[in-house]
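**Student:** I'd like to ask you about the structure that follows.
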Amino acid sequence: MSDLAAAETAEVGRAEKRTRPWRVLMLTAWAQHRTKIGLGITLLLVGIALIGPFLAPYPPDQGVEGQLPFAQPSSDAWFGTDAIGRDVLSRFLWGGISVLILAGLSTAIGVSLGVAVGLIAARARGKLDDVLMRTMDVLLSFPQIVFALILAATVGPNLWLLVGAVALTTMPRAARVARGAAVEIVQRDFVRAAEAIGLPRRQILFGEVLPNIASPLIVETTLRLTFNVAVVAGLSFLGFGLQPPAADWGLMINENRNGLTLQPWPVLLPVIAIALLTIGTSLVGDGINRAMIGIERGSRGSE
Amino acid sequence: MFAASLIIFGATQALPGDAARSILGRAAQPESLAALRHQLGLDKPVWQQYWEWISGVFSGDLGSSLANGLAVTDVLGERLLYSSFLMLIAAAISIPFGIVLGAVSARKRDSAFDQTAGVATLGLAALPEFVVGITLAVLFSTTVFHILPSVVVTEEGVGPWHYPKEFVLPVLTLVIAVVPYTSRIMRASTVEILESDFVEMARLKGLSERRVLWRHAVPNALAPTFQVTALNLAYLAGGIVVVETVFNYPGIGSLLVESVRARDMPTVQAIALLITGLYVVLNLLADLATILVSPRLRTSLE
């Protein structure tokens, strides 16, 4: 931690400055149990979602021969069948990838846009800053899921729209964090120096300022990813995500909810998977967050 | 708020489909389509439609539902009662519980209690509401125990207080969604306050540790907690959409989902405006509560 502080004060060696905080952060985070456990859980679920389709005993959209709807678990269908007699296990193994892609994509787009907006606002100050951040406030005034529902009502269920809607609700939150962290950085001497030697504005923002606000952004990204998994799965659950006969965890819960008393597995498997996935990513986020706070305290103490 | 109303209206207007066509079906005659469009005011310019809608909102007229022709205010009335009842009970339970849990965790910092509470709240905070709701339903109503109903069946014209049993699971779900945030923020701010000079002063005066915590530390730690609580109530305004659907609870959240499915635009607009309005008001209240409750800020205001 002390070498971080040293790097902070020694303005020379910009390359060093660019890599070090990032590596220190990751190493400190990795030292925590919760990060390892969280990453383990997350990777397990990601593994199920990615490899699952190759392991599934049946195609996801076909019934199991000789099985009635909501059949109990048997040797033919390990977790029984769903509302229209399809194999629960197969649909579960096929149904994770859509949640991952939708949540990952919307988080990536939303955070990138948000960071761009936040950086520009922090750099520009004045009127542009006000206009940008008030616009973000307006977007923030909708609960995420309500915003997505309004869009779904207008255009009907559409996956690109869903990604766009979730990304749009992610953007203002990331923008706030980015701006908050960058406002202080843009006034530092090394940014002034970069301006003085005439680097283009874009290069200053993304080459000089961005690496210095990486830590809070990483924490924010994991947090947003956790939320977006919940929102994406929730929208599928409400029937505005993937449409039948697609296999999708949220949709599975929706389709089989009425048979909960007869056969809990087609609901329970995806519920457990979504629960573990969100817990896993939030543990990783918390681990990184703690590491960041620890590093900040350490460097402040030794200055 | 004004901008939000513009967005709600703009988004619902941008629809590629045509409301008149979706009501009458594909085989509708052009003349009857035109007649219905005129009746709905769809042939007027967009800004005029917005003006009529927004001035209607202020005079309490939200238009009529496209699904059944009833006035939106009538459709909303009882649902709104059910939803507010649900949210109020959930808030009344979760806020004090979260505050006490957070304060006690901070007091017994790094103890087994604090560690357990920390991990539990972290995990619970991550769970989506429908996952919590369905897990509770499986536990208490369908599979493990059969003690509580998982579906709310109500009669028209009967207030929500007639169904205490049906309330337990939806309320519990919302409580589980909010308590983790409240208690984590409360813990963080109490820990910070307990390390500050004036708490040390109170200790040096010889006050009991309990009195130091509840009379000196907690009131100052409440400010950020109030803010988070209000934010989370605002979040509940979104959360009821999912929770009400899980339990078939007849509130505005499940109505929103139904209306979106039916593309019943006036109802969607009304509910979206309502929830967003609540969200904005709660955020303002959060700022206000922060100023009122925190002695430091209050004196700086005077």
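Going through the structure tokens in order, the chains are called A, B, and so on, while each chain numbers its residues from 1 and the ligands are numbered from 1 in the order shown.
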Compile the contact shell of B:Ile95 as a VMD selection string: residues with an atom at most 12 Å away, counting only C-alpha atoms, same-chain residues fewer than 2 positions apart removed.

**Tutor:** chain B and resid 87 to 93 97 to 102 174 to 183 185 to 186 222 225 to 233

**Student:** Counting only C-alpha atoms, a student should be able to say which residues of chain A come within 8 Å of chain B; what is the right answer, written as JSON, numbers by chain?

**Tutor:** {"A": [138, 139, 141, 142, 143, 144, 145, 146, 149, 150, 151, 152, 153, 154, 155, 226, 227, 230, 231, 234, 238, 260, 261, 264, 268, 271, 272, 274, 275, 278, 279, 282, 283]}

**Student:** In Å, how far is it from atom CA of A:Val183 to atom CA of A:Arg224?

**Tutor:**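 Taking atom CA of A:Val183 as the start and atom CA of A:Arg224 as the end point, the length is 21.4 Å.
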
**Student:** Using only C-alpha atoms, which of the listed residues (A:Pro216, A:Gly118, A:Pro211, A:Gly110) sits closest to A:Gly164?

**Tutor:**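 The closest residue to A:Gly164 is A:Gly110.
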
**Student:** Report as a list in words all protein, DNA and RNA residues lying within 8 Å of A:Gly241, evaluated on only C-alpha atoms, omitting residues in the same chain fewer than 3 positions from it.

**Tutor:**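 Residues near the query, excluding close chain neighbours: Pro157, Asn158, Leu159, Leu162, Val232, Ala233, Leu235, Ser236, Phe237, Leu238 and Leu251 of chain A.
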
**Student:** For the atom pair atom CA of B:Ala103 and atom CA of B:Arg187, what is the interatomic distance in Å to one decimal place?

**Tutor:**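 Atom CA of B:Arg187 lies 5.5 Å from atom CA of B:Ala103.
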
**Student:** For each of A:Ile109, A:Leu269, A:Leu217, A:Val229, take the minimum atom-to-atom distance to A:Phe92, counting only C-alpha atoms, then give the residue where this is smallest.

**Tutor:**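 The answer is A:Leu269, which sits nearest to A:Phe92.
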
**Student:** I'd like the interatomic distance between atom CA of A:Val267 and atom CA of B:Leu139, to a tenth of an Å.

**Tutor:** 12.9 Å
